Amino acid sequence: MQSRKFLALAALLAGVTGNNVSAATLESVSQRGALRCGVNLELAGFARANSLGEYSGFDVDVCRAVASAVFNDSEAVEMVPVSSGDRFTALQSGALDILSRNTTWTLARNAQFGEFVGVNFYDGQGFMVKKNSGIRSALELDNQPICVSSDTTSELNAADFFAVSDLRYRPVFYSDQSEAATGYREGRCKALTTDRSALAALRTSLDEPDAHVVLPEVISKEPLGPVVAANDTEWENVVRWTLNCMINAEELGVSSLNVNQMASSSTTPSIRRLLGKEGDAGELLGLHPDWCSRVIMQVGNYGEVYERNIGPDTPIGLARGINELWTNGGLIYAPPVR
Ligand SMILES: N[C@@H](CCC(=O)N[C@@H](CS)C(=O)NCC(=O)O)C(=O)O
């Protein structure tokens with residue numbers, strides 16, 4: 001009787017598991033020898049290809065970090081450029097293993113399209129105008145044409161902002177970024193609206209960046225982060241903890257410059273756990289014990305990735321601001337490895 005009950009339970013559990021686990025992404029990625037990462041078509045500092053077709057940027061580095069954790073090879077990534085309109089369809093169709101493309105975590109997207117593994121950039125939406133327009137506040141944009149990407153949170157937030165500010169909203173929609181930039185440059189819109197980080201990036205690609213100004217208003221919360229398909233907890237954890245590895249490394253003072261030495265001689269328990277010298281973090285993720293050391297060695301910690309791609313010393317020139325570590329008064333905070 002006892003054993004029959006047990007068998008029934010085991011069969012039930014097997015059935016439930018069979019239904020819920022849709023794809024073993026870690027396994028299929030491993031077999032393929034590369035992961036497929038959906039990135040922006042072109043956004044300076046975040047995702048951009050050089051003349052050889054090699055991608056780099058802040059969002060691209062999330063993909064490279066996961067490739068380092070899984071393959072010990074930051075190059076084992078196939079970059080798949082996706083637009084704001086096709087990013088979620090691409091993720092759901094299985095064409096992408098990760099979507100890492102200035103994508104805002106919202107309830108509806110989480111419920112419908114996939115799991116956000118964390119936040120790699122806390123952003124907010126703003127407006128950019130030509131300096132010589134004389135406009136110095138978004139409240140001066142009543143009934144002015146506003147360039148905005150379709151299928152974005154930008155489109156929705158702008159509508160909210162104009163409604164609550166009692167201003168008339170005149171959106172000019174575009175589905176292609178270069179078209180929008182051209183439209184804005186040629187004066188078809190008085191302002192361009194999207195995430196402020198993207199405005200900073202787009203500004204650098206205009207002929208005379210100094211002739212444009214980002215207005216002071218921040219009209220929304222845009223927590224940007226990588227997304228994976230739903231129903232694959234194992235893969236979700238690999239991507240989530242790769243991001244957490246980079247954040248924890250910065251907090252613990254582990255960088256690409258000292259990771260080897262830290263791995264061999266640090267006696268700090270949290271550093272030893274992060275770098276696979278103690279505990280079973282790698283095993284729990286289905287990865288090599290050195291998974292996080294490899295990420296830091298090949299890609300760097302969160303701060304290094306930030307400074308290299310979008311920090312104050314780059315053309316994008318974004319101060320850390322709220323994207324400082326929590327220990328420095330910012331919002332960047334990763335749960336512990338233990
Ligand atoms: N974070 C926002 C906006 C992201 C977004 O797609 N921004 C624009 C401006 S940078 C863009 O990439 N447009 C190009 C395109 O539509 O492919 C979202 O997740 O909806």
# chains A, B, ... in the order shown; residues from 1 in each chain; ligands from 1

call {"tool": "residues_around", "arguments": {"residues": "Ala138 of chain A", "least_positions_apart": "4", "cutoff": "8 Å", "atoms": "only C-alpha atoms", "output": "PDB file with all heavy atoms, in the first residue's frame"}}
result
ATOM      1  N   PHE A 127      13.689  63.310 -22.738  1.00  0.00           N
ATOM      2  CA  PHE A 127      13.488  63.929 -24.053  1.00  0.00           C
ATOM      3  C   PHE A 127      14.781  64.614 -24.473  1.00  0.00           C
ATOM      4  O   PHE A 127      15.460  65.226 -23.648  1.00  0.00           O
ATOM      5  CB  PHE A 127      12.395  65.009 -23.989  1.00  0.00           C
ATOM      6  CG  PHE A 127      11.027  64.468 -23.658  1.00  0.00           C
ATOM      7  CD1 PHE A 127      10.627  64.328 -22.332  1.00  0.00           C
ATOM      8  CD2 PHE A 127      10.137  64.116 -24.677  1.00  0.00           C
ATOM      9  CE1 PHE A 127       9.363  63.849 -22.020  1.00  0.00           C
ATOM     10  CE2 PHE A 127       8.874  63.632 -24.366  1.00  0.00           C
ATOM     11  CZ  PHE A 127       8.484  63.493 -23.038  1.00  0.00           C
ATOM     12  N   LEU A 215      16.636  67.029 -21.883  1.00  0.00           N
ATOM     13  CA  LEU A 215      15.876  67.864 -20.935  1.00  0.00           C
ATOM     14  C   LEU A 215      15.898  67.248 -19.531  1.00  0.00           C
ATOM     15  O   LEU A 215      16.108  66.038 -19.382  1.00  0.00           O
ATOM     16  CB  LEU A 215      14.438  68.044 -21.442  1.00  0.00           C
ATOM     17  CG  LEU A 215      14.325  68.739 -22.806  1.00  0.00           C
ATOM     18  CD1 LEU A 215      12.877  68.788 -23.281  1.00  0.00           C
ATOM     19  CD2 LEU A 215      14.917  70.145 -22.739  1.00  0.00           C
ATOM     20  N   PRO A 216      15.678  68.062 -18.502  1.00  0.00           N
ATOM     21  CA  PRO A 216      15.854  67.571 -17.122  1.00  0.00           C
ATOM     22  C   PRO A 216      14.799  66.556 -16.651  1.00  0.00           C
ATOM     23  O   PRO A 216      15.098  65.748 -15.769  1.00  0.00           O
ATOM     24  CB  PRO A 216      15.770  68.843 -16.273  1.00  0.00           C
ATOM     25  CG  PRO A 216      15.109  69.863 -17.133  1.00  0.00           C
ATOM     26  CD  PRO A 216      15.438  69.520 -18.543  1.00  0.00           C
ATOM     27  N   GLU A 217      13.610  66.557 -17.224  1.00  0.00           N
ATOM     28  CA  GLU A 217      12.549  65.669 -16.720  1.00  0.00           C
ATOM     29  C   GLU A 217      12.867  64.183 -16.924  1.00  0.00           C
ATOM     30  O   GLU A 217      13.279  63.775 -18.003  1.00  0.00           O
ATOM     31  CB  GLU A 217      11.208  65.969 -17.411  1.00  0.00           C
ATOM     32  CG  GLU A 217      10.540  67.239 -16.949  1.00  0.00           C
ATOM     33  CD  GLU A 217      11.038  68.493 -17.691  1.00  0.00           C
ATOM     34  OE1 GLU A 217      11.892  68.363 -18.585  1.00  0.00           O
ATOM     35  OE2 GLU A 217      10.566  69.595 -17.359  1.00  0.00           O
TER      36      GLU A 217
END

call {"tool": "residues_near_ligand", "arguments": {"ligand": "ligand 1", "cutoff": "9 Å", "atoms": "only C-alpha atoms and all ligand atoms", "output": "PyMOL selection string"}}
result
chain A and resi 40-43+81-87+101-106+123-125+148-156+174-178+180+193-195+197-199+201-202+222-224

call {"tool": "residues_around", "arguments": {"residues": "segment 303-313 of chain A", "least_positions_apart": "6", "cutoff": "10 Å", "atoms": "only C-alpha atoms", "output": "MDAnalysis selection string"}}
result
chainID A and resid 44:47 56:62 120:121 197 200:201 246:247 249:251 255:256 296 319:320 323:325

call {"tool": "residues_around", "arguments": {"residues": "Ser93 of chain A", "least_positions_apart": "3", "cutoff": "12 Å", "atoms": "only C-alpha atoms", "output": "mmCIF file with C-alpha atoms, in the first residue's frame"}}
result
data_model
loop_
_atom_site.group_PDB
_atom_site.id
_atom_site.type_symbol
_atom_site.label_atom_id
_atom_site.label_comp_id
_atom_site.auth_asym_id
_atom_site.auth_seq_id
_atom_site.Cartn_x
_atom_site.Cartn_y
_atom_site.Cartn_z
ATOM 1 C CA ALA A 23 13.485 23.455 -22.854
ATOM 2 C CA ASP A 86 10.474 41.676 -32.900
ATOM 3 C CA ARG A 87 12.511 41.073 -29.711
ATOM 4 C CA PHE A 88 9.884 39.162 -27.707
ATOM 5 C CA THR A 89 8.657 37.061 -30.640
ATOM 6 C CA ALA A 90 12.270 36.109 -31.285
ATOM 7 C CA LEU A 96 17.333 33.470 -28.783
ATOM 8 C CA ASP A 97 18.757 32.033 -25.568
ATOM 9 C CA ILE A 98 19.012 35.506 -24.029
ATOM 10 C CA PHE A 113 7.071 36.979 -22.643
ATOM 11 C CA GLY A 114 9.651 35.644 -20.206
ATOM 12 C CA VAL A 228 15.160 34.536 -20.903
ATOM 13 C CA ALA A 229 12.222 32.373 -21.999
ATOM 14 C CA ALA A 230 9.870 31.185 -19.248
#

call {"tool": "atom_distance", "arguments": {"atom1": "atom CA of Cys147 of chain A", "atom2": "atom CA of Arg170 of chain A"}}
result
8.8 Å

call {"tool": "atom_distance", "arguments": {"atom1": "atom CA of Ala65 of chain A", "atom2": "atom CA of Val295 of chain A"}}
result
5.2 Å

call {"tool": "select_by_dssp", "arguments": {"residues": "segment 100-133 of chain A", "states": "helix (DSSP H, G or I)", "output": "count of residues only"}}
result
9
